[in-house]
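*Asks:* I'm passing along my_file-v4.pdb; it holds PDB, C-alpha atoms.
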```pdb
ATOM      1  CA  MET M   1       5.067   0.996   3.128  1.00  0.00           C
ATOM      2  CA  ILE M   2       3.992   1.200  -0.508  1.00  0.00           C
ATOM      3  CA  PHE M   3       1.606  -1.678   0.133  1.00  0.00           C
ATOM      4  CA  GLU M   4       0.667  -0.683   3.667  1.00  0.00           C
ATOM      5  CA  LEU M   5      -0.635   2.850   3.114  1.00  0.00           C
ATOM      6  CA  PRO M   6      -3.501   1.958   0.738  1.00  0.00           C
ATOM      7  CA  PHE M   7      -4.098  -1.282   2.649  1.00  0.00           C
ATOM      8  CA  ASP M   8      -4.416   0.607   5.946  1.00  0.00           C
ATOM      9  CA  LEU M   9      -6.879   3.017   4.351  1.00  0.00           C
ATOM     10  CA  ILE M  10      -9.039   0.068   3.320  1.00  0.00           C
ATOM     11  CA  VAL M  11      -8.681  -1.846   6.589  1.00  0.00           C
ATOM     12  CA  MET M  12      -9.375   1.229   8.707  1.00  0.00           C
ATOM     13  CA  GLY M  13     -13.073   1.155   7.840  1.00  0.00           C
ATOM     14  CA  ARG M  14     -13.295  -2.553   8.537  1.00  0.00           C
ATOM     15  CA  THR M  15     -12.046  -2.521  12.119  1.00  0.00           C
ATOM     16  CA  TYR M  16     -14.480  -2.988  14.945  1.00  0.00           C
ATOM     17  CA  PRO M  17     -13.129  -1.245  18.022  1.00  0.00           C
ATOM     18  CA  PRO M  18     -13.780  -2.762  21.436  1.00  0.00           C
ATOM     19  CA  ILE M  19     -14.943   0.594  22.803  1.00  0.00           C
ATOM     20  CA  PRO M  20     -18.459   1.221  21.415  1.00  0.00           C
ATOM     21  CA  PRO M  21     -18.941   4.871  22.502  1.00  0.00           C
ATOM     22  CA  ALA M  22     -15.851   6.196  20.696  1.00  0.00           C
ATOM     23  CA  PRO M  23     -15.013   4.030  17.655  1.00  0.00           C
ATOM     24  CA  THR M  24     -13.608   6.964  15.681  1.00  0.00           C
ATOM     25  CA  LEU M  25     -11.239   7.903  18.484  1.00  0.00           C
ATOM     26  CA  PHE M  26      -9.997   4.319  18.742  1.00  0.00           C
ATOM     27  CA  ARG M  27      -9.376   4.164  14.987  1.00  0.00           C
ATOM     28  CA  LEU M  28      -7.451   7.427  15.106  1.00  0.00           C
ATOM     29  CA  LEU M  29      -5.374   6.307  18.073  1.00  0.00           C
ATOM     30  CA  PHE M  30      -4.517   3.084  16.292  1.00  0.00           C
ATOM     31  CA  PHE M  31      -4.026   4.284  12.711  1.00  0.00           C
ATOM     32  CA  LEU M  32      -2.613   7.798  13.171  1.00  0.00           C
ATOM     33  CA  PRO M  33       0.857   6.590  14.249  1.00  0.00           C
ATOM     34  CA  LEU M  34       0.858   4.144  11.338  1.00  0.00           C
ATOM     35  CA  PHE M  35      -0.016   6.893   8.874  1.00  0.00           C
ATOM     36  CA  LEU M  36       2.644   9.173  10.331  1.00  0.00           C
ATOM     37  CA  VAL M  37       5.313   6.488   9.931  1.00  0.00           C
ATOM     38  CA  GLU M  38       4.171   5.678   6.388  1.00  0.00           C
ATOM     39  CA  ILE M  39       4.052   9.299   5.259  1.00  0.00           C
ATOM     40  CA  SER M  40       7.387  10.116   6.909  1.00  0.00           C
ATOM     41  CA  THR M  41       8.916   7.123   5.120  1.00  0.00           C
ATOM     42  CA  PHE M  42       7.703   8.455   1.781  1.00  0.00           C
ATOM     43  CA  SER M  43       8.943  11.919   2.685  1.00  0.00           C
ATOM     44  CA  LEU M  44      12.414  10.649   3.519  1.00  0.00           C
ATOM     45  CA  LEU M  45      12.438   8.586   0.339  1.00  0.00           C
ATOM     46  CA  THR M  46      11.843  11.683  -1.776  1.00  0.00           C
ATOM     47  CA  LEU M  47      14.880  13.346  -0.218  1.00  0.00           C
ATOM     48  CA  SER M  48      17.208  10.525  -1.251  1.00  0.00           C
ATOM     49  CA  PRO M  49      19.313  11.215  -4.360  1.00  0.00           C
ATOM     50  CA  LEU M  50      19.324   7.469  -5.093  1.00  0.00           C
ATOM     51  CA  THR M  51      15.639   7.321  -5.992  1.00  0.00           C
ATOM     52  CA  LYS M  52      14.107   8.270  -9.294  1.00  0.00           C
ATOM     53  CA  LEU M  53      10.482   8.086 -10.344  1.00  0.00           C
ATOM     54  CA  SER M  54      10.211   6.276 -13.664  1.00  0.00           C
ATOM     55  CA  LYS M  55       7.431   5.010 -15.852  1.00  0.00           C
ATOM     56  CA  TYR M  56       8.137   1.479 -14.599  1.00  0.00           C
ATOM     57  CA  THR M  57       7.564   2.639 -11.041  1.00  0.00           C
ATOM     58  CA  LEU M  58       4.251   4.177 -11.981  1.00  0.00           C
ATOM     59  CA  PHE M  59       3.192   1.130 -14.038  1.00  0.00           C
ATOM     60  CA  SER M  60       3.910  -1.265 -11.194  1.00  0.00           C
ATOM     61  CA  LEU M  61       2.122   1.032  -8.730  1.00  0.00           C
ATOM     62  CA  ALA M  62      -0.874   1.181 -11.069  1.00  0.00           C
ATOM     63  CA  GLY M  63      -0.755  -2.612 -11.317  1.00  0.00           C
ATOM     64  CA  MET M  64      -0.853  -2.867  -7.533  1.00  0.00           C
ATOM     65  CA  PHE M  65      -3.858  -0.532  -7.425  1.00  0.00           C
ATOM     66  CA  PHE M  66      -5.539  -2.606 -10.139  1.00  0.00           C
ATOM     67  CA  VAL M  67      -5.045  -5.778  -8.083  1.00  0.00           C
ATOM     68  CA  PHE M  68      -6.523  -3.926  -5.087  1.00  0.00           C
ATOM     69  CA  ALA M  69      -9.507  -2.966  -7.270  1.00  0.00           C
ATOM     70  CA  VAL M  70     -10.055  -6.578  -8.344  1.00  0.00           C
ATOM     71  CA  TRP M  71      -9.741  -7.690  -4.726  1.00  0.00           C
ATOM     72  CA  ALA M  72     -12.257  -5.027  -3.669  1.00  0.00           C
ATOM     73  CA  PHE M  73     -14.632  -6.115  -6.443  1.00  0.00           C
ATOM     74  CA  LEU M  74     -14.516  -9.639  -5.009  1.00  0.00           C
ATOM     75  CA  GLY M  75     -15.362  -8.341  -1.533  1.00  0.00           C
ATOM     76  CA  PHE M  76     -11.875  -7.669  -0.157  1.00  0.00           C
ATOM     77  CA  SER M  77     -12.151 -10.657   2.113  1.00  0.00           C
ATOM     78  CA  TYR M  78      -9.490 -11.813   4.525  1.00  0.00           C
ATOM     79  CA  PRO M  79      -6.815 -13.799   2.665  1.00  0.00           C
ATOM     80  CA  SER M  80      -8.066 -17.266   3.559  1.00  0.00           C
ATOM     81  CA  ALA M  81      -9.563 -18.325   0.231  1.00  0.00           C
ATOM     82  CA  PRO M  82      -7.135 -19.144  -2.595  1.00  0.00           C
ATOM     83  CA  ILE M  83      -8.157 -16.141  -4.722  1.00  0.00           C
ATOM     84  CA  SER M  84      -7.731 -13.733  -1.794  1.00  0.00           C
ATOM     85  CA  VAL M  85      -4.330 -15.209  -0.968  1.00  0.00           C
ATOM     86  CA  ALA M  86      -3.291 -14.872  -4.605  1.00  0.00           C
ATOM     87  CA  LEU M  87      -4.465 -11.258  -4.867  1.00  0.00           C
ATOM     88  CA  ASN M  88      -2.763 -10.377  -1.580  1.00  0.00           C
ATOM     89  CA  GLY M  89       0.474 -11.991  -2.728  1.00  0.00           C
ATOM     90  CA  VAL M  90       0.410 -10.391  -6.180  1.00  0.00           C
ATOM     91  CA  SER M  91      -0.235  -6.947  -4.720  1.00  0.00           C
ATOM     92  CA  LYS M  92       2.676  -7.370  -2.291  1.00  0.00           C
ATOM     93  CA  VAL M  93       4.973  -8.490  -5.101  1.00  0.00           C
ATOM     94  CA  LEU M  94       3.914  -5.492  -7.198  1.00  0.00           C
ATOM     95  CA  SER M  95       4.601  -3.148  -4.298  1.00  0.00           C
ATOM     96  CA  PHE M  96       8.056  -4.710  -3.961  1.00  0.00           C
ATOM     97  CA  VAL M  97       8.621  -4.208  -7.701  1.00  0.00           C
ATOM     98  CA  THR M  98       7.524  -0.589  -7.266  1.00  0.00           C
ATOM     99  CA  ALA M  99      10.095  -0.113  -4.516  1.00  0.00           C
ATOM    100  CA  ILE M 100      12.857  -1.762  -6.560  1.00  0.00           C
ATOM    101  CA  THR M 101      12.131   0.364  -9.637  1.00  0.00           C
ATOM    102  CA  LEU M 102      12.588   3.505  -7.551  1.00  0.00           C
ATOM    103  CA  PHE M 103      16.287   2.650  -7.289  1.00  0.00           C
ATOM    104  CA  LEU M 104      16.934   1.614 -10.897  1.00  0.00           C
ATOM    105  CA  LYS M 105      19.099   3.887 -12.989  1.00  0.00           C
ATOM    106  CA  ALA M 106      17.411   5.340 -16.065  1.00  0.00           C
ATOM    107  CA  ASN M 107      18.468   4.206 -19.522  1.00  0.00           C
ATOM    108  CA  LYS M 108      19.250   6.667 -22.274  1.00  0.00           C
ATOM    109  CA  ALA M 109      16.197   5.406 -24.211  1.00  0.00           C
ATOM    110  CA  ASP M 110      13.806   6.444 -21.406  1.00  0.00           C
TER     111      ASP M 110
END
```
Kindly return the structure encoded in the file as structure tokens.
*Replies:*
Amino acid sequence: MIFELPFDLIVMGRTYPPIPPAPTLFRLLFFLPLFLVEISTFSLLTLSPLTKLSKYTLFSLAGMFFVFAVWAFLGFSYPSAPISVALNGVSKVLSFVTAITLFLKANKAD
């Protein structure tokens, strides 16, 4: 979900609905349940006593956003070219690292 929420926000503007008179309604019908699931997942995650926001979590999240920015600078094309596949993969790995760092215990030096 850490990867999917910003990715859905980007992809939402790039969908071409099959119903020409109401493209906004189609986008809402398709993406609103996704956003509700993503936001409810984040909400439930904040209630867990096992998670802790650390600087490593924020650094890896910022890294994922930076990779998204580079991908957007290159046109945010579908991952079929090697650079798009690499940027997609790196951003997914960074989102996984972000999720893992939420569950790491803090050291005394932090």
*Asks:* Would you mind reading off the distance between atom CA of Val90 of chain M and atom CA of Leu34 of chain M, one decimal, in Å?
*Replies:*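 Straight-line distance from atom CA of Val90 of chain M to atom CA of Leu34 of chain M works out to 22.8 Å.
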*Asks:* Which residues match the PyMOL selection byres ((chain M and resi 81-87) around 12) in the file above, as number ranges by chain?
*Replies:* M: 63-80, 88-94
*Asks:* Go ahead and save the picked residues with C-alpha atoms, as a compact mmCIF listing (two decimals), keeping the file's coordinate frame.
*Replies:*
```txt
# COMPACT_ATOMS: atom_id res chain seq x y z
CA GLY M 63 -0.76 -2.61 -11.32
CA MET M 64 -0.85 -2.87 -7.53
CA PHE M 65 -3.86 -0.53 -7.42
CA PHE M 66 -5.54 -2.61 -10.14
CA VAL M 67 -5.04 -5.78 -8.08
CA PHE M 68 -6.52 -3.93 -5.09
CA ALA M 69 -9.51 -2.97 -7.27
CA VAL M 70 -10.06 -6.58 -8.34
CA TRP M 71 -9.74 -7.69 -4.73
CA ALA M 72 -12.26 -5.03 -3.67
CA PHE M 73 -14.63 -6.12 -6.44
CA LEU M 74 -14.52 -9.64 -5.01
CA GLY M 75 -15.36 -8.34 -1.53
CA PHE M 76 -11.88 -7.67 -0.16
CA SER M 77 -12.15 -10.66 2.11
CA TYR M 78 -9.49 -11.81 4.53
CA PRO M 79 -6.82 -13.80 2.66
CA SER M 80 -8.07 -17.27 3.56
CA ASN M 88 -2.76 -10.38 -1.58
CA GLY M 89 0.47 -11.99 -2.73
CA VAL M 90 0.41 -10.39 -6.18
CA SER M 91 -0.24 -6.95 -4.72
CA LYS M 92 2.68 -7.37 -2.29
CA VAL M 93 4.97 -8.49 -5.10
CA LEU M 94 3.91 -5.49 -7.20
```
*Asks:* Rounded to one decimal place, report the atom CA of Phe31 of chain M-atom CA of Ser60 of chain M distance in Å.
*Replies:*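 Between these atoms lies a distance of 25.8 Å.
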*Asks:* Identify the residues within 12 Å of coordinate (-8.7, 5.5, 12.4) (same frame as the file), considering all atoms listed in the file, and give the answer as a list in words.
*Replies:*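 Residues close enough to count: Asp8, Leu9, Ile10, Val11, Met12, Gly13, Arg14, Thr15, Tyr16, Pro17, Ala22, Pro23, Thr24, Leu25, Phe26, Arg27, Leu28, Leu29, Phe30, Phe31, Leu32, Pro33, Leu34 and Phe35 of chain M.
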*Asks:* For atom CA of Ser54 of chain M and atom CA of Phe3 of chain M, quote the distance in Å rounded to one decimal.
*Replies:* 18.1 Å
*Asks:* Would you write out, as a list of chain:residue names, every residue that the PyMOL selection byres ((chain M and resi 97-101) around 7) captures in this file?
*Replies:*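 Those residues are M:Tyr56, M:Thr57, M:Ser60, M:Leu61, M:Val93, M:Leu94, M:Ser95, M:Phe96, M:Leu102, M:Phe103, M:Leu104.
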*Asks:* Please evaluate the PyMOL selection byres ((chain M and resi 50) around 10) against the displayed coordinates and give the resulting residues as a PDB file with C-alpha atoms, in the coordinates of the input.
*Replies:*
```pdb
ATOM      1  CA  LEU M  45      12.438   8.586   0.339  1.00  0.00           C
ATOM      2  CA  THR M  46      11.843  11.683  -1.776  1.00  0.00           C
ATOM      3  CA  LEU M  47      14.880  13.346  -0.218  1.00  0.00           C
ATOM      4  CA  SER M  48      17.208  10.525  -1.251  1.00  0.00           C
ATOM      5  CA  PRO M  49      19.313  11.215  -4.360  1.00  0.00           C
ATOM      6  CA  THR M  51      15.639   7.321  -5.992  1.00  0.00           C
ATOM      7  CA  LYS M  52      14.107   8.270  -9.294  1.00  0.00           C
ATOM      8  CA  LEU M 102      12.588   3.505  -7.551  1.00  0.00           C
ATOM      9  CA  PHE M 103      16.287   2.650  -7.289  1.00  0.00           C
ATOM     10  CA  LEU M 104      16.934   1.614 -10.897  1.00  0.00           C
ATOM     11  CA  LYS M 105      19.099   3.887 -12.989  1.00  0.00           C
TER      12      LYS M 105
END
```
